[in-house]
Amino acid sequence: MRDPKHPRQFTEDFKRQIVALVDSSKPRAEVMREYDLGKSTLDRRIQRLHACGSTAAADNRTPEQNRLIELERENARLKMEVDVLKQAALIFARK
């Protein structure tokens, strides 16, 4: 049984080989069973590789998606700064 806390890591080359097996008419069920892969994992790798030649999620994002991720990170950072400043204001108000 797989350990959900420690997911397996595969190299880009291995991912390409798996997709190549499916593209060479090897049945998906056989590939999934042989390499202990889930259906959604295999489908996602095939889709990503065919879409733009890479199985990495970051390579398959649109510029808008990248911008959204960047803004979400900045928003989280700013919220943390506000929380710290609120705590500092409370500490100084007590003195």
# chains A, B, ... in the order shown; residues from 1 in each chain; ligands from 1
call {"tool": "residues_around", "arguments": {"residues": "Leu42 (chain A)", "least_positions_apart": "4", "cutoff": "12 Å", "atoms": "only C-alpha atoms", "output": "PyMOL selection string"}}
result
chain A and resi 15-23+27-33+35-38+46-49+55
call {"tool": "select_by_dssp", "arguments": {"residues": "chain A", "states": "alpha helix (DSSP H)", "output": "ChimeraX atom specification"}}
result
/A:12-23,28-35,39-52,63-94
call {"tool": "atom_distance", "arguments": {"atom1": "CA of Leu68 (chain A)", "atom2": "CA of Arg8 (chain A)"}}
result
28.0 Å
call {"tool": "closest_residue", "arguments": {"among": "A:Glu12, A:Asp3, A:Glu70, A:Asp83", "to": "Arg45 (chain A)", "atoms": "only C-alpha atoms"}}
result
A:Glu12
